[in-house]
file protein27.tsv (TSV, C-alpha atoms)
chain	number	residue	atom	x	y	z
A	1	MET	CA	64.90	13.71	-70.08
A	2	THR	CA	63.34	10.27	-69.78
A	3	THR	CA	63.89	7.81	-72.64
A	4	PHE	CA	60.78	5.78	-73.37
A	5	SER	CA	60.85	2.48	-75.20
A	6	PHE	CA	58.48	2.05	-78.15
A	7	PRO	CA	56.15	0.40	-78.75
A	8	TYR	CA	54.89	1.66	-75.40
A	9	GLU	CA	52.11	-0.33	-73.74
A	10	THR	CA	49.84	0.48	-70.83
A	11	ARG	CA	46.60	-0.81	-69.36
A	12	ALA	CA	43.35	0.90	-70.28
A	13	LEU	CA	39.66	0.80	-69.41
A	14	ARG	CA	37.04	0.81	-72.16
A	15	VAL	CA	34.21	3.31	-71.77
A	16	ASP	CA	31.12	3.03	-73.99
A	17	GLN	CA	28.90	6.11	-74.12
A	18	ARG	CA	26.27	7.46	-76.50
A	19	LEU	CA	28.76	9.29	-78.69
A	20	GLY	CA	30.90	6.19	-78.90
A	21	THR	CA	33.86	4.43	-77.32
A	22	PHE	CA	36.97	5.82	-75.67
A	23	TYR	CA	39.66	4.40	-73.38
A	24	VAL	CA	40.90	5.70	-70.05
A	25	ALA	CA	44.62	5.26	-69.46
A	26	VAL	CA	47.39	6.65	-67.26
A	27	LEU	CA	50.34	8.06	-69.21
A	28	PRO	CA	53.51	9.79	-67.99
A	29	ALA	CA	53.30	13.54	-68.59
A	30	GLU	CA	56.63	13.52	-70.41
A	31	LEU	CA	55.52	10.71	-72.71
A	32	LEU	CA	52.37	12.61	-73.57
A	33	LEU	CA	54.44	15.69	-74.42
A	34	GLN	CA	56.38	13.57	-76.89
A	35	VAL	CA	53.47	11.90	-78.69
A	36	ALA	CA	50.70	14.54	-78.54
A	37	ALA	CA	50.15	17.92	-80.15
A	38	SER	CA	47.38	20.28	-81.12
A	39	ASP	CA	46.95	22.12	-84.40
A	40	ARG	CA	48.28	25.20	-82.63
A	41	MET	CA	50.85	23.97	-80.14
A	42	ARG	CA	53.39	21.22	-79.65
A	43	ALA	CA	56.36	20.51	-77.39
A	44	ILE	CA	59.71	19.84	-79.10
A	45	MET	CA	62.57	18.31	-77.12
A	46	ASN	CA	65.75	20.37	-77.17
A	47	PRO	CA	68.57	18.74	-79.17
A	48	ASP	CA	70.69	18.33	-76.06
A	49	GLY	CA	67.83	16.65	-74.19
A	50	SER	CA	67.79	19.36	-71.54
A	51	GLY	CA	64.10	20.20	-71.83
A	52	TYR	CA	61.29	21.17	-74.17
A	53	GLU	CA	60.46	24.18	-76.30
A	54	LEU	CA	56.88	25.09	-77.18
A	55	LYS	CA	56.16	25.68	-80.87
A	56	GLY	CA	53.08	27.26	-82.40
A	57	THR	CA	50.23	29.10	-80.75
A	58	GLN	CA	47.26	27.59	-78.95
A	59	ARG	CA	44.30	29.98	-78.78
A	60	ILE	CA	45.88	33.39	-78.30
A	61	VAL	CA	49.21	32.55	-76.69
A	62	GLN	CA	48.73	32.73	-72.94
A	63	ASP	CA	52.26	32.63	-71.57
A	64	LYS	CA	51.08	33.87	-68.20
A	65	ARG	CA	48.63	30.99	-67.83
A	66	LEU	CA	51.19	28.41	-68.94
A	67	ASN	CA	53.72	29.74	-66.46
A	68	GLU	CA	51.17	29.81	-63.64
A	69	ILE	CA	50.28	26.16	-64.22
A	70	ALA	CA	53.98	25.25	-64.48
A	71	ASP	CA	54.55	26.89	-61.09
A	72	TYR	CA	51.73	24.78	-59.68
A	73	ILE	CA	53.22	21.61	-61.20
A	74	ASN	CA	56.45	22.36	-59.36
A	75	ARG	CA	54.70	22.27	-56.00
A	76	MET	CA	55.05	19.11	-53.93
A	77	ASP	CA	51.25	18.86	-53.59
A	78	SER	CA	50.27	19.38	-57.26
A	79	SER	CA	47.45	17.25	-58.67
A	80	PHE	CA	45.51	17.00	-61.93
A	81	PRO	CA	42.51	14.68	-61.41
A	82	ASN	CA	40.74	15.73	-64.62
A	83	SER	CA	41.60	13.84	-67.78
A	84	ILE	CA	43.45	15.10	-70.84
A	85	ILE	CA	41.32	14.22	-73.86
A	86	ILE	CA	43.19	13.10	-76.97
A	87	ALA	CA	42.34	11.68	-80.38
A	88	ALA	CA	44.85	9.03	-81.45
A	89	ASN	CA	45.83	8.32	-85.06
A	90	TYR	CA	45.12	11.82	-86.33
A	91	ASP	CA	47.84	13.11	-88.64
A	92	LEU	CA	48.15	16.85	-88.09
A	93	THR	CA	49.85	17.36	-91.46
A	94	PHE	CA	47.42	15.66	-93.85
A	95	GLY	CA	44.13	15.59	-91.96
A	96	PHE	CA	43.52	11.86	-92.52
A	97	ASP	CA	43.77	9.34	-89.75
A	98	GLN	CA	47.04	7.39	-89.73
A	99	GLY	CA	45.44	4.10	-90.75
A	100	GLU	CA	43.98	5.68	-93.88
A	101	LEU	CA	47.31	7.28	-94.76
A	102	GLU	CA	49.04	3.91	-94.48
A	103	HIS	CA	46.44	2.39	-96.79
A	104	ILE	CA	47.04	5.18	-99.33
A	105	GLU	CA	50.77	4.48	-99.04
A	106	GLU	CA	50.14	0.79	-99.69
A	107	GLU	CA	48.02	1.63	-102.74
A	108	ASP	CA	50.72	3.90	-104.16
A	109	SER	CA	53.64	1.56	-103.53
A	110	GLY	CA	51.91	-1.78	-104.00
A	111	GLN	CA	53.70	-2.96	-100.85
A	112	PRO	CA	52.29	-3.45	-97.33
A	113	VAL	CA	53.40	-1.05	-94.61
A	114	VAL	CA	55.96	-2.93	-92.53
A	115	ASP	CA	55.99	-0.87	-89.33
A	116	SER	CA	52.53	0.53	-88.71
A	117	ARG	CA	52.35	3.70	-86.63
A	118	VAL	CA	48.68	3.21	-85.76
A	119	TRP	CA	47.74	3.36	-82.07
A	120	SER	CA	45.71	0.31	-81.14
A	121	VAL	CA	43.80	-1.24	-78.25
A	122	ARG	CA	43.36	-4.95	-77.62
A	123	GLU	CA	41.28	-6.71	-75.02
A	124	THR	CA	43.16	-8.95	-72.59
A	125	ALA	CA	42.03	-12.15	-70.95
A	126	ASP	CA	41.04	-10.41	-67.72
A	127	GLY	CA	38.57	-8.13	-69.49
A	128	CYS	CA	40.83	-5.11	-69.32
A	129	HIS	CA	42.53	-3.60	-72.36
A	130	THR	CA	46.04	-2.76	-73.47
A	131	LEU	CA	46.79	0.49	-75.30
A	132	THR	CA	49.77	0.30	-77.64
A	133	ILE	CA	51.61	3.43	-78.80
A	134	PRO	CA	53.95	2.19	-81.55
A	135	THR	CA	56.05	5.31	-82.09
A	136	GLU	CA	57.02	8.62	-80.52
A	137	GLU	CA	55.66	10.50	-83.55
A	138	LYS	CA	53.00	13.09	-82.74
A	139	LEU	CA	49.89	11.24	-83.86
A	140	ALA	CA	47.66	12.15	-80.90
A	141	ALA	CA	45.65	15.37	-81.24
A	142	VAL	CA	44.87	17.11	-77.96
A	143	ILE	CA	41.13	17.82	-77.83
A	144	ASP	CA	40.96	19.28	-74.34
A	145	GLY	CA	43.61	20.05	-71.73
A	146	GLN	CA	46.17	21.83	-73.93
A	147	HIS	CA	47.24	24.31	-71.28
A	148	ARG	CA	47.57	21.65	-68.59
A	149	LEU	CA	49.67	19.39	-70.81
A	150	PHE	CA	51.96	21.95	-72.39
A	151	SER	CA	52.62	23.66	-69.06
A	152	PHE	CA	54.70	20.57	-68.21
A	153	ALA	CA	57.19	21.72	-70.85
A	154	ARG	CA	57.89	24.72	-68.63
A	155	ALA	CA	57.93	22.87	-65.33
A	156	GLU	CA	61.06	21.72	-63.53
A	157	PRO	CA	62.33	18.41	-65.01
A	158	GLU	CA	61.96	16.55	-61.72
A	159	ALA	CA	58.32	17.62	-61.38
A	160	MET	CA	57.51	16.77	-65.00
A	161	GLN	CA	59.14	13.35	-64.83
A	162	SER	CA	57.35	12.38	-61.63
A	163	MET	CA	53.82	13.12	-62.81
A	164	ASN	CA	51.36	10.77	-64.48
A	165	LEU	CA	48.25	12.08	-66.21
A	166	LEU	CA	44.79	10.63	-66.58
A	167	CYS	CA	43.89	10.46	-70.28
A	168	SER	CA	40.70	9.79	-72.21
A	169	VAL	CA	41.81	8.36	-75.54
A	170	PHE	CA	39.59	8.29	-78.62
A	171	ILE	CA	40.84	6.09	-81.45
A	172	ASP	CA	40.26	7.14	-85.10
A	173	LEU	CA	38.07	10.13	-84.22
A	174	PRO	CA	37.43	12.44	-87.22
A	175	LYS	CA	38.51	16.04	-86.75
A	176	ALA	CA	35.01	17.49	-86.94
A	177	LEU	CA	33.96	15.26	-84.04
A	178	GLN	CA	37.05	16.36	-82.12
A	179	ALA	CA	35.78	19.91	-82.52
A	180	GLN	CA	32.29	18.91	-81.40
A	181	ILE	CA	33.63	17.31	-78.22
A	182	PHE	CA	35.76	20.36	-77.44
A	183	ALA	CA	32.90	22.78	-78.08
A	184	THR	CA	30.46	20.69	-76.03
A	185	ILE	CA	32.78	20.33	-73.05
A	186	ASN	CA	33.64	24.00	-72.92
A	187	SER	CA	30.15	25.32	-73.63
A	188	THR	CA	28.64	23.23	-70.83
A	189	GLN	CA	31.34	24.02	-68.28
A	190	LYS	CA	31.97	27.68	-69.08
A	191	ARG	CA	31.11	30.17	-71.75
A	192	VAL	CA	33.48	29.97	-74.72
A	193	ASP	CA	33.46	32.37	-77.66
A	194	ARG	CA	32.69	30.69	-80.99
A	195	SER	CA	35.94	32.00	-82.40
A	196	LEU	CA	37.78	29.72	-79.98
A	197	THR	CA	36.56	26.61	-81.77
A	198	TYR	CA	37.46	28.28	-85.07
A	199	GLU	CA	40.97	29.00	-83.78
A	200	LEU	CA	41.57	25.48	-82.48
A	201	PHE	CA	39.93	23.37	-85.15
A	202	GLY	CA	39.61	25.55	-88.23
A	203	TYR	CA	35.86	25.90	-88.36
A	204	ASN	CA	32.80	26.71	-86.32
A	205	VAL	CA	30.92	23.52	-85.58
A	206	SER	CA	27.64	25.10	-84.55
A	207	ASP	CA	26.94	27.99	-86.92
A	208	GLU	CA	28.45	28.09	-90.40
A	209	ASP	CA	27.02	28.28	-93.92
A	210	GLU	CA	27.54	25.13	-95.97
A	211	GLU	CA	29.64	26.94	-98.57
A	212	TYR	CA	32.26	27.44	-95.85
A	213	TRP	CA	32.35	23.78	-94.84
A	214	THR	CA	35.79	22.24	-95.17
A	215	PRO	CA	35.97	18.76	-96.75
A	216	ASP	CA	36.24	16.91	-93.44
A	217	LYS	CA	33.25	18.73	-91.96
A	218	LEU	CA	31.11	17.86	-95.00
A	219	ALA	CA	32.23	14.21	-94.82
A	220	VAL	CA	31.25	13.99	-91.15
A	221	PHE	CA	27.90	15.61	-91.91
A	222	PHE	CA	27.23	13.00	-94.61
A	223	ALA	CA	28.32	10.16	-92.32
A	224	ARG	CA	25.87	11.28	-89.66
A	225	LYS	CA	23.11	11.71	-92.21
A	226	LEU	CA	23.70	8.20	-93.57
A	227	ALA	CA	23.47	6.89	-90.02
A	228	MET	CA	19.99	8.42	-89.61
A	229	ASP	CA	18.44	8.49	-93.10
A	230	GLU	CA	15.61	5.94	-93.35
A	231	ALA	CA	16.62	5.25	-96.94
A	232	SER	CA	20.23	4.53	-96.01
A	233	PRO	CA	21.60	0.98	-95.66
A	234	LEU	CA	23.89	2.39	-92.95
A	235	ARG	CA	21.00	3.60	-90.79
A	236	GLY	CA	21.75	2.48	-87.23
A	237	ARG	CA	25.00	0.87	-88.35
A	238	VAL	CA	27.45	3.77	-87.88
A	239	MET	CA	29.11	4.26	-84.52
A	240	VAL	CA	32.07	6.15	-83.09
A	241	ALA	CA	34.61	3.43	-82.39
A	242	PRO	CA	38.15	2.46	-83.41
A	243	LYS	CA	38.45	0.91	-86.86
A	244	ARG	CA	40.19	-2.12	-85.38
A	245	ASP	CA	37.95	-2.36	-82.34
A	246	ALA	CA	37.40	-6.00	-81.33
A	247	ALA	CA	33.86	-5.43	-80.06
A	248	LEU	CA	32.96	-3.71	-83.32
A	249	GLU	CA	34.27	-6.68	-85.25
A	250	GLU	CA	32.12	-9.00	-83.15
A	251	LEU	CA	29.05	-6.92	-83.93
A	252	ALA	CA	29.99	-6.92	-87.60
A	253	ALA	CA	30.15	-10.70	-87.53
A	254	ALA	CA	26.50	-10.81	-86.51
A	255	ALA	CA	23.57	-10.15	-88.82
A	256	ASP	CA	23.20	-6.63	-87.44
A	257	TRP	CA	26.67	-5.45	-88.40
A	258	ARG	CA	28.27	-2.12	-87.50
A	259	VAL	CA	30.97	0.12	-88.92
A	260	SER	CA	32.90	2.99	-87.37
A	261	THR	CA	32.27	6.64	-88.15
A	262	ALA	CA	35.90	6.99	-89.22
A	263	VAL	CA	35.49	4.35	-91.95
A	264	VAL	CA	32.50	6.16	-93.45
A	265	VAL	CA	34.09	9.61	-93.13
A	266	ASP	CA	37.32	8.49	-94.79
A	267	GLY	CA	35.44	6.75	-97.58
A	268	ILE	CA	33.42	9.86	-98.37
A	269	LEU	CA	36.28	12.31	-97.84
A	270	ARG	CA	38.49	10.72	-100.48
A	271	LEU	CA	35.81	11.42	-103.07
A	272	PHE	CA	36.59	15.14	-103.04
A	273	SER	CA	39.84	15.76	-101.15
A	274	ALA	CA	43.27	14.19	-101.35
A	275	ASN	CA	44.56	16.42	-98.56
A	276	PRO	CA	41.79	17.75	-96.28
A	277	LYS	CA	44.26	19.46	-93.95
A	278	ARG	CA	45.72	21.45	-96.83
A	279	ASP	CA	42.24	22.37	-98.03
A	280	ALA	CA	41.20	23.53	-94.56
A	281	ASN	CA	44.33	25.67	-94.29
A	282	ILE	CA	43.57	27.35	-97.62
A	283	MET	CA	39.97	28.02	-96.63
A	284	ARG	CA	41.07	29.43	-93.25
A	285	LYS	CA	44.33	31.19	-94.13
A	286	ASP	CA	43.43	34.75	-93.13
A	287	LYS	CA	39.69	34.50	-92.67
A	288	ALA	CA	36.90	32.00	-93.31
A	289	SER	CA	36.62	31.57	-97.09
A	290	PRO	CA	34.09	29.62	-99.20
A	291	ARG	CA	35.02	26.51	-101.13
A	292	ARG	CA	35.60	28.38	-104.38
A	293	GLU	CA	38.87	29.53	-102.77
A	294	LEU	CA	40.14	26.05	-103.70
A	295	MET	CA	39.55	26.56	-107.43
A	296	ASP	CA	42.99	28.06	-107.97
A	297	GLY	CA	44.64	25.93	-105.29
A	298	PRO	CA	46.88	22.84	-105.67
A	299	ARG	CA	45.81	20.20	-108.16
A	300	ASP	CA	43.55	17.54	-106.69
A	301	ASN	CA	42.48	14.51	-108.72
A	302	SER	CA	39.71	13.35	-106.40
A	303	PRO	CA	36.78	12.26	-108.62
A	304	LEU	CA	34.17	14.67	-107.19
A	305	ARG	CA	36.49	17.58	-106.48
A	306	SER	CA	34.73	20.01	-108.81
A	307	VAL	CA	31.33	19.00	-107.45
A	308	TYR	CA	32.47	19.79	-103.90
A	309	VAL	CA	34.05	23.13	-104.87
A	310	GLU	CA	30.88	24.13	-106.71
A	311	GLY	CA	28.86	23.32	-103.60
A	312	ASN	CA	26.65	20.64	-105.14
A	313	ASP	CA	26.45	18.64	-101.91
A	314	ALA	CA	23.07	17.17	-102.85
A	315	LEU	CA	24.63	15.41	-105.84
A	316	ILE	CA	27.47	13.97	-103.74
A	317	TYR	CA	25.10	12.69	-101.08
A	318	LYS	CA	22.69	11.22	-103.63
A	319	MET	CA	25.54	9.43	-105.37
A	320	VAL	CA	26.88	7.98	-102.11
A	321	LEU	CA	23.39	6.98	-100.96
A	322	ASN	CA	22.51	5.25	-104.24
A	323	TYR	CA	25.87	3.49	-104.34
A	324	LEU	CA	25.33	2.19	-100.80
A	325	LYS	CA	21.84	1.01	-101.76
A	326	ALA	CA	23.40	-0.88	-104.66
A	327	SER	CA	26.05	-2.29	-102.30
A	328	GLU	CA	23.29	-3.47	-99.97
A	329	LYS	CA	21.71	-5.43	-102.83
A	330	VAL	CA	24.95	-6.76	-104.30
A	331	PHE	CA	27.16	-7.32	-101.24
A	332	TRP	CA	25.42	-7.03	-97.89
A	333	GLN	CA	21.82	-8.23	-97.78
A	334	ASP	CA	22.57	-11.88	-98.52
A	335	ALA	CA	26.01	-12.03	-96.90
A	336	SER	CA	26.52	-14.64	-94.22
A	337	ALA	CA	27.42	-13.55	-90.70
A	338	GLU	CA	30.96	-14.82	-91.36
A	339	SER	CA	31.44	-12.71	-94.50
A	340	PHE	CA	34.32	-10.26	-94.42
A	341	ILE	CA	32.35	-7.86	-96.62
A	342	LEU	CA	30.46	-6.97	-93.41
A	343	ARG	CA	33.67	-6.26	-91.52
A	344	THR	CA	35.61	-3.03	-91.39
A	345	ILE	CA	37.96	-4.13	-94.18
A	346	GLY	CA	35.00	-5.06	-96.38
A	347	VAL	CA	33.18	-1.75	-95.97
A	348	GLN	CA	36.44	0.11	-96.54
A	349	ALA	CA	36.94	-1.81	-99.78
A	350	VAL	CA	33.37	-1.03	-100.88
A	351	PHE	CA	34.09	2.69	-100.44
A	352	ASP	CA	37.38	2.24	-102.33
A	353	ILE	CA	35.40	0.95	-105.30
A	354	LEU	CA	33.10	3.97	-105.18
A	355	ARG	CA	36.13	6.24	-105.46
A	356	LYS	CA	37.19	4.28	-108.56
A	357	ILE	CA	33.85	4.59	-110.37
A	358	ALA	CA	32.45	7.90	-109.05
A	359	GLY	CA	34.08	9.89	-111.84
A	360	ASP	CA	32.53	7.63	-114.51
A	361	ALA	CA	29.09	7.99	-112.97
A	362	TYR	CA	29.40	11.77	-112.84
A	363	GLU	CA	30.57	12.01	-116.45
A	364	ALA	CA	27.76	9.67	-117.57
A	365	ARG	CA	25.27	11.88	-115.67
A	366	ASP	CA	23.86	8.75	-114.10
A	367	ILE	CA	24.15	8.33	-110.35
A	368	SER	CA	21.11	6.11	-109.98
A	369	GLU	CA	20.97	2.97	-107.88
A	370	ASP	CA	20.42	0.94	-111.05
A	371	TYR	CA	23.60	2.36	-112.57
A	372	PHE	CA	25.68	1.24	-109.61
A	373	VAL	CA	24.00	-2.16	-109.43
A	374	GLY	CA	24.99	-2.58	-113.05
A	375	ARG	CA	28.58	-1.60	-112.36
A	376	ILE	CA	29.23	-3.71	-109.27
A	377	GLY	CA	26.70	-6.47	-109.90
A	378	PRO	CA	29.21	-8.96	-111.37
A	379	ALA	CA	31.00	-9.02	-107.99
A	380	GLY	CA	27.88	-10.20	-106.22
A	381	LYS	CA	28.78	-13.87	-106.56
A	382	ILE	CA	32.08	-13.57	-104.68
A	383	ASP	CA	32.13	-15.51	-101.41
A	384	PHE	CA	33.71	-13.05	-99.01
A	385	SER	CA	33.52	-15.53	-96.14
A	386	ASP	CA	36.45	-17.37	-97.74
A	387	GLU	CA	39.45	-17.65	-95.42
A	388	ARG	CA	41.72	-15.81	-97.85
A	389	PHE	CA	40.00	-12.55	-96.90
A	390	ARG	CA	40.54	-13.03	-93.16
A	391	ASN	CA	43.49	-10.64	-92.68
A	392	PRO	CA	42.00	-7.68	-90.74
A	393	SER	CA	44.78	-5.29	-91.71
A	394	GLY	CA	45.16	-3.13	-94.80
A	395	SER	CA	46.20	-6.14	-96.87
A	396	GLY	CA	42.79	-7.75	-96.29
A	397	ARG	CA	41.08	-4.59	-97.47
A	398	THR	CA	43.31	-4.43	-100.54
A	399	LEU	CA	42.60	-8.07	-101.41
A	400	ILE	CA	38.83	-7.52	-101.22
A	401	ARG	CA	39.08	-4.38	-103.34
A	402	ARG	CA	41.23	-6.04	-105.99
A	403	THR	CA	38.93	-9.05	-106.11
A	404	ILE	CA	35.94	-6.78	-106.75
A	405	GLU	CA	37.89	-4.76	-109.33
A	406	GLU	CA	38.75	-7.93	-111.25
A	407	ALA	CA	35.13	-9.12	-111.16
A	408	ILE	CA	33.73	-5.85	-112.50
A	409	GLY	CA	36.46	-5.31	-115.07
A	410	LEU	CA	38.22	-2.30	-113.52
A	411	ASN	CA	41.61	-3.91	-114.11
A	412	ALA	CA	40.88	-4.86	-117.68

call {"tool": "encode", "arguments": {"input": "protein27.tsv", "output": "structure tokens"}}
result
Amino acid sequence: MTTFSFPYETRALRVDQRLGTFYVAVLPAELLLQVAASDRMRAIMNPDGSGYELKGTQRIVQDKRLNEIADYINRMDSSFPNSIIIAANYDLTFGFDQGELEHIEEEDSGQPVVDSRVWSVRETADGCHTLTIPTEEKLAAVIDGQHRLFSFARAEPEAMQSMNLLCSVFIDLPKALQAQIFATINSTQKRVDRSLTYELFGYNVSDEDEEYWTPDKLAVFFARKLAMDEASPLRGRVMVAPKRDAALEELAAAADWRVSTAVVVDGILRLFSANPKRDANIMRKDKASPRRELMDGPRDNSPLRSVYVEGNDALIYKMVLNYLKASEKVFWQDASAESFILRTIGVQAVFDILRKIAGDAYEARDISEDYFVGRIGPAGKIDFSDERFRNPSGSGRTLIRRTIEEAIGLNA
């Protein structure tokens, strides 16, 4: 088997479309087998390095189809011009994106993550981009092309090692949007039973009662609503793009700033789930179950956990909306174009503060805009354009959060 050196870098082309941004890159088939997986299937290298073994089940296991494609791969004239679509930085165990998990780790330990495992893209001087894969860990979720990719695990080693694959790479794409892309691609190209989306992603994206919505699906729904609601400060400011996307940062530096969907989804999700993957597994163990199935599940200290389980989505949304309105008044409306409170790290920190005070607001039975203005108002005089906030990594986010906490007395 081929030994790849990490971090692995390759050239990529940026593609901006209405849904958002993705990157087109060419990756060796064997490399992709090592770093990618789906919720239902993954390739594991044999201990002796002699080949790969497939674990799990993707759809209903179709050994015949996998073997047929493997036979085609072995031909001297094999070709796969269509792209494999993957979502980078999605942790299949916890359900959060890898960047958010590293931030949680930093919060728990009080120490910065030394070796980040986050896939990233940077623009080069010639206008092209470089995709960096820092580790061989399986942090790329396969959205479309599972059978094509995993058939390489059954192909002859020489054929597998000689083949490169065209890939469309989304960075920091929430799971519910992964499901939407899969369902859209397959419903427009060929008829796909709704149960297929359920099998692959854990829920039906097109037809499902709200009481059956898993935490990540509800968070994505709220993020989209905030992007469209005329009363929302985030109206027109939410886009599908990598959290560390350079173009997004440039937009954020202007008066009309933007933030990625993943930032908003993560910020909302942590209000009612500490482990969305675990929650989705419980709600989908044998059949689709409503949220109350989580009542007797593992302990979860998220501030609005009970509100989510009880299905009071209107309260959650109203709280988030009013908090964002307060944040607009306190942090955003008078911020200079250079202020880091308008950048990704600043918006992340603002959502971190909501998680800290959401429980107090719920217990006080006051989720009004005035309540939140009162709570975060003392932080309104902080100059977030100061150079000390410049670090775009998790440490910059943590510094902004801690500065706000100190100003509003959360650390007292």

call {"tool": "residues_near_point", "arguments": {"input": "protein27.tsv", "point": "(51.8, -2.1, -98.4)", "cutoff": "12 Å", "atoms": "all atoms listed in the file", "output": "list of chain:residue names"}}
result
A:Gly99, A:Glu100, A:Leu101, A:Glu102, A:His103, A:Ile104, A:Glu105, A:Glu106, A:Glu107, A:Asp108, A:Ser109, A:Gly110, A:Gln111, A:Pro112, A:Val113, A:Val114, A:Asp115, A:Ser116, A:Ser393, A:Gly394, A:Ser395, A:Gly396, A:Arg397, A:Thr398, A:Leu399

call {"tool": "atom_distance", "arguments": {"input": "protein27.tsv", "atom1": "atom CA of A:Ser83", "atom2": "atom CA of A:Leu131"}}
result
16.2 Å

call {"tool": "closest_residue", "arguments": {"input": "protein27.tsv", "among": "A:Arg299, A:Lys285, A:Lys225, A:Arg42", "to": "A:Leu149", "atoms": "all atoms listed in the file"}}
result
A:Arg42

call {"tool": "residues_around", "arguments": {"input": "protein27.tsv", "residues": "A:Asp97", "least_positions_apart": "5", "cutoff": "12 Å", "atoms": "all atoms listed in the file", "output": "number ranges by chain"}}
result
A: 87-92, 102-104, 117-119, 139-141, 170-175, 216, 242-243, 261-263, 265-267, 269, 275-277

call {"tool": "atom_distance", "arguments": {"input": "protein27.tsv", "atom1": "atom CA of A:Ile357", "atom2": "atom CA of A:Ala219"}}
result
18.4 Å

call {"tool": "atom_distance", "arguments": {"input": "protein27.tsv", "atom1": "atom CA of A:Tyr323", "atom2": "atom CA of A:Ser339"}}
result
19.8 Å

call {"tool": "closest_residue", "arguments": {"input": "protein27.tsv", "among": "A:Leu315, A:Ala155, A:Pro233, A:Glu406", "to": "A:Leu66", "atoms": "all atoms listed in the file"}}
result
A:Ala155

call {"tool": "decode", "arguments": {"input": "protein27.tsv", "residues": "stretch 61-76 of chain A", "atoms": "N, CA and C atoms", "output": "tab-separated table (two decimals), in the first residue's frame"}}
result
chain	number	residue	atom	x	y	z
A	61	VAL	N	-26.38	-3.33	1.96
A	61	VAL	CA	-25.09	-3.72	1.41
A	61	VAL	C	-25.27	-4.30	0.01
A	62	GLN	N	-24.56	-3.75	-0.94
A	62	GLN	CA	-24.67	-4.19	-2.32
A	62	GLN	C	-23.32	-4.73	-2.78
A	63	ASP	N	-22.98	-5.91	-2.27
A	63	ASP	CA	-21.70	-6.52	-2.62
A	63	ASP	C	-21.55	-6.70	-4.12
A	64	LYS	N	-22.63	-7.09	-4.77
A	64	LYS	CA	-22.57	-7.32	-6.20
A	64	LYS	C	-22.15	-6.06	-6.93
A	65	ARG	N	-22.74	-4.92	-6.54
A	65	ARG	CA	-22.43	-3.66	-7.21
A	65	ARG	C	-20.99	-3.25	-6.94
A	66	LEU	N	-20.55	-3.40	-5.69
A	66	LEU	CA	-19.16	-3.06	-5.35
A	66	LEU	C	-18.19	-3.90	-6.17
A	67	ASN	N	-18.47	-5.18	-6.28
A	67	ASN	CA	-17.58	-6.06	-7.03
A	67	ASN	C	-17.58	-5.75	-8.52
A	68	GLU	N	-18.75	-5.37	-9.05
A	68	GLU	CA	-18.83	-5.02	-10.46
A	68	GLU	C	-17.99	-3.78	-10.76
A	69	ILE	N	-18.08	-2.79	-9.88
A	69	ILE	CA	-17.29	-1.57	-10.09
A	69	ILE	C	-15.81	-1.87	-9.92
A	70	ALA	N	-15.47	-2.73	-8.95
A	70	ALA	CA	-14.06	-3.11	-8.75
A	70	ALA	C	-13.51	-3.79	-10.00
A	71	ASP	N	-14.32	-4.64	-10.62
A	71	ASP	CA	-13.89	-5.29	-11.86
A	71	ASP	C	-13.63	-4.25	-12.95
A	72	TYR	N	-14.48	-3.23	-12.98
A	72	TYR	CA	-14.28	-2.17	-13.98
A	72	TYR	C	-13.00	-1.38	-13.70
A	73	ILE	N	-12.74	-1.12	-12.41
A	73	ILE	CA	-11.52	-0.39	-12.03
A	73	ILE	C	-10.29	-1.14	-12.52
A	74	ASN	N	-10.34	-2.45	-12.49
A	74	ASN	CA	-9.20	-3.27	-12.87
A	74	ASN	C	-8.89	-3.24	-14.37
A	75	ARG	N	-9.85	-2.76	-15.15
A	75	ARG	CA	-9.63	-2.69	-16.60
A	75	ARG	C	-8.62	-1.61	-16.94
A	76	MET	N	-7.88	-1.79	-18.01
A	76	MET	CA	-6.87	-0.82	-18.41
A	76	MET	C	-7.48	0.47	-18.94
